[in-house]
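One structure is given here, and the rest of the page talks about it.
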Number of protein chains: 2
Amino acid sequence: MQLRTVSILGVGLLGGSIGLAIKQQISSCRVNGYGHKRETLNSAVRRGAIDQAFDDPADAVGGADLVILCTPVGVFPDILRGIAPAVGNALLTDVGSTKRTVVALAEKLLPSPGRFVGSHPMAGSEKRGIEFARADLCNGATCIVTPTDRTDPQAAADIESFWKMLGMRTIRLSPADHDARMAQISHLPHALAAILVAAADNDALQVAGKGFLDVTRIAAGDGALWRDILIDNRDNMRECISRLKSELDKLGDLLEPSRGEELRVVLDEAGRRRSRLIGENEGGKGG
Amino acid sequence: MQLRTVSILGVGLLGGSIGLAIKQQISSCRVNGYGHKRETLNSAVRRGAIDQAFDDPADAVGGADLVILCTPVGVFPDILRGIAPAVGNALLTDVGSTKRTVVALAEKLLPSPGRFVGSHPMAGSEKRGIEFARADLCNGATCIVTPTDRTDPQAAADIESFWKMLGMRTIRLSPADHDARMAQISHLPHALAAILVAAADNDALQVAGKGFLDVTRIAAGDGALWRDILIDNRDNMRECISRLKSELDKLGDLLEPSRGEELRVVLDEAGRRRSRLIGENEGGKGG
């Protein structure tokens, strides 16, 4: 796959960072950017994340070899309908944090469903916006790629090559497996962090230390973005909530002094499991 | 209060760090150390955290102006009974993470209950042991001091001065208020981190990123230590668990698309509340 023109729809933190990384890797590649705010587009041009700004997504995808949807998931239906007549044979992907809805929508609305391959690059930060974009945001992080049985195998391979070019390691999962796993290791922890902050008394927060700030760091994200993610993945979220509630009941039972040894084993095993995780996932960012 | 001799009972990460800090602040002060492992004691002497090693706590407190209990809370009854005949008029404190039980025990077992002032220096790390001790561990962190109506006011003031000399800011709370607040901002988050790691499927952990590692960082602590804390504070823990379960039910309800706006408000408010916390508690460590 030769990339002469890439179209980035949505030039925030991730879209902007991908633009910067592309320009760094393939200096001859032209990057078109679409955004609904002129100010953001101007900033993306000024920072060198995109070469040309468009205020209509259909115009931005004309002649592109690769189109990357980086807008909030909520506007995907409008964007996909808008670009459908103009994408031609371009390869398409997205960077959304949930995959079942987006992939189904793309396969329904695009003229060549096989050319769309869902992606979830697990890179980011609590910070948002083009001003925090940087060429190495994705470097070293994991990207989950979610082809389906309707996906053109070459398109899936090309999308994987693209993310690898940006320094990512790629993993293939079905959209359903992606969403189920993300509920456990990202969406539930995020919601929990928010709940812990929201439910703590002011008195208690006064004495909060580093441990509390670590646990709740991901609560600092954008509410509208996370609302879309949590609602889109609500079936998995509800299963996770139900599981967590029974784990909390078990914990409550283990707080009897007579069951101290069982509690210690649970705590030590969790610590060991996490330590193994650090070894395995070291260098992994985002999520 | 003039410190000529301080006795540190238990020379692990915190006890060793306090010893190093005392020697740095008052080079003429003699530091006696007690530990049940000869190897740890030797290491503490070698590192300069203590001047002399004792394998009997009663011997270690002889002639001390200040005695600091830094052993696990589980051995406090034996230690307090052991030192009671030897402490004389020494000022006493401890560094335990729960305060009601320890303070009640000290006031019951010591000959001059008014000379004991409970402390909880919120400094530490996932790392444990004398080899990680450092003179600045407490510097900049918060220490909660928990005098009761039986405490000699001068003793409370002297203990506060001591922690301030080590660079800490001090807050006074009753033992009960301390334990209630800690359940919310430390003990429940710790237990949750362990549960999240324990309950996640292996498949899901494979794709865990930085967010999950942040949320679960405090699960890396020592199981036996945390078992003692959680069981000692089980009434508050059970109240927190019950509150969290109803918050989880509320969250489940808000996952309906029609309630998206309410969900966004909850998430955004949690993010803002945490941001304010960072501003207020900046520089706070441990907990």
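To be explicit about the labels: the chains of the structure tokens are called A, B, and onward in the order shown, and within each one the residues are counted from 1, while ligands get numbers from 1 in the order they are shown.
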Practice problem: Counting only C-alpha atoms, collect the residues of chain A whose closest atom lies at most 6 Å from chain B, and write them out as a PyMOL selection string. | Solution: chain A and resi 181+185+194+197-198+204+208-212+214-215+219-220+223-224+227+231+234+255+264+267-268+270-271+284-287
Exercise. Per DSSP on the backbone, filter region 7-52 of chain A down to the residues in strand (DSSP E or B) and report them as a PyMOL selection string.
Key: chain A and resi 7-9+30-34+52
File of the preceding selection, N, CA and C atoms, as a CSV table (one decimal), in the first residue's frame:
```csv
chain,number,residue,atom,x,y,z
A,7,SER,N,-6.6,11.1,4.6
A,7,SER,CA,-7.6,12.0,5.1
A,7,SER,C,-7.9,11.7,6.5
A,8,ILE,N,-7.7,12.7,7.4
A,8,ILE,CA,-8.0,12.6,8.8
A,8,ILE,C,-9.3,13.4,9.1
A,9,LEU,N,-10.3,12.7,9.6
A,9,LEU,CA,-11.6,13.3,9.9
A,9,LEU,C,-11.7,13.5,11.4
A,30,ARG,N,0.5,13.5,1.6
A,30,ARG,CA,-0.3,14.7,1.8
A,30,ARG,C,-1.4,14.3,2.8
A,31,VAL,N,-1.6,15.2,3.8
A,31,VAL,CA,-2.6,14.9,4.8
A,31,VAL,C,-3.7,15.9,4.7
A,32,ASN,N,-5.0,15.5,4.4
A,32,ASN,CA,-6.1,16.3,4.4
A,32,ASN,C,-6.8,16.2,5.8
A,33,GLY,N,-7.3,17.3,6.3
A,33,GLY,CA,-8.0,17.3,7.6
A,33,GLY,C,-9.3,17.9,7.5
A,34,TYR,N,-10.3,17.2,8.2
A,34,TYR,CA,-11.6,17.8,8.4
A,34,TYR,C,-11.9,18.0,9.8
A,52,GLN,N,-3.8,20.4,4.5
A,52,GLN,CA,-5.0,21.3,4.0
A,52,GLN,C,-6.2,21.0,4.9
```
Self-check item: Point-to-point distance in Å for CA of Val117 (chain B) and CA of Gly15 (chain B)
Solution: 16.7 Å
Quiz item: So which bits of region 55-285 of chain B end up helix (DSSP H, G or I) when you DSSP the backbone, as a ChimeraX atom specification?
Solution: /B:57-61,73-83,100-109,113-115,130-132,153-165,175-199,202-205,210-215,217-220,223-232,234-254,257-281
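Residue nearest Met165 (chain B) within the list B:Val45, B:Ile22, B:Val61, B:Ala104: B:Ile22 [criterion: smallest interatomic distance, only C-alpha atoms].
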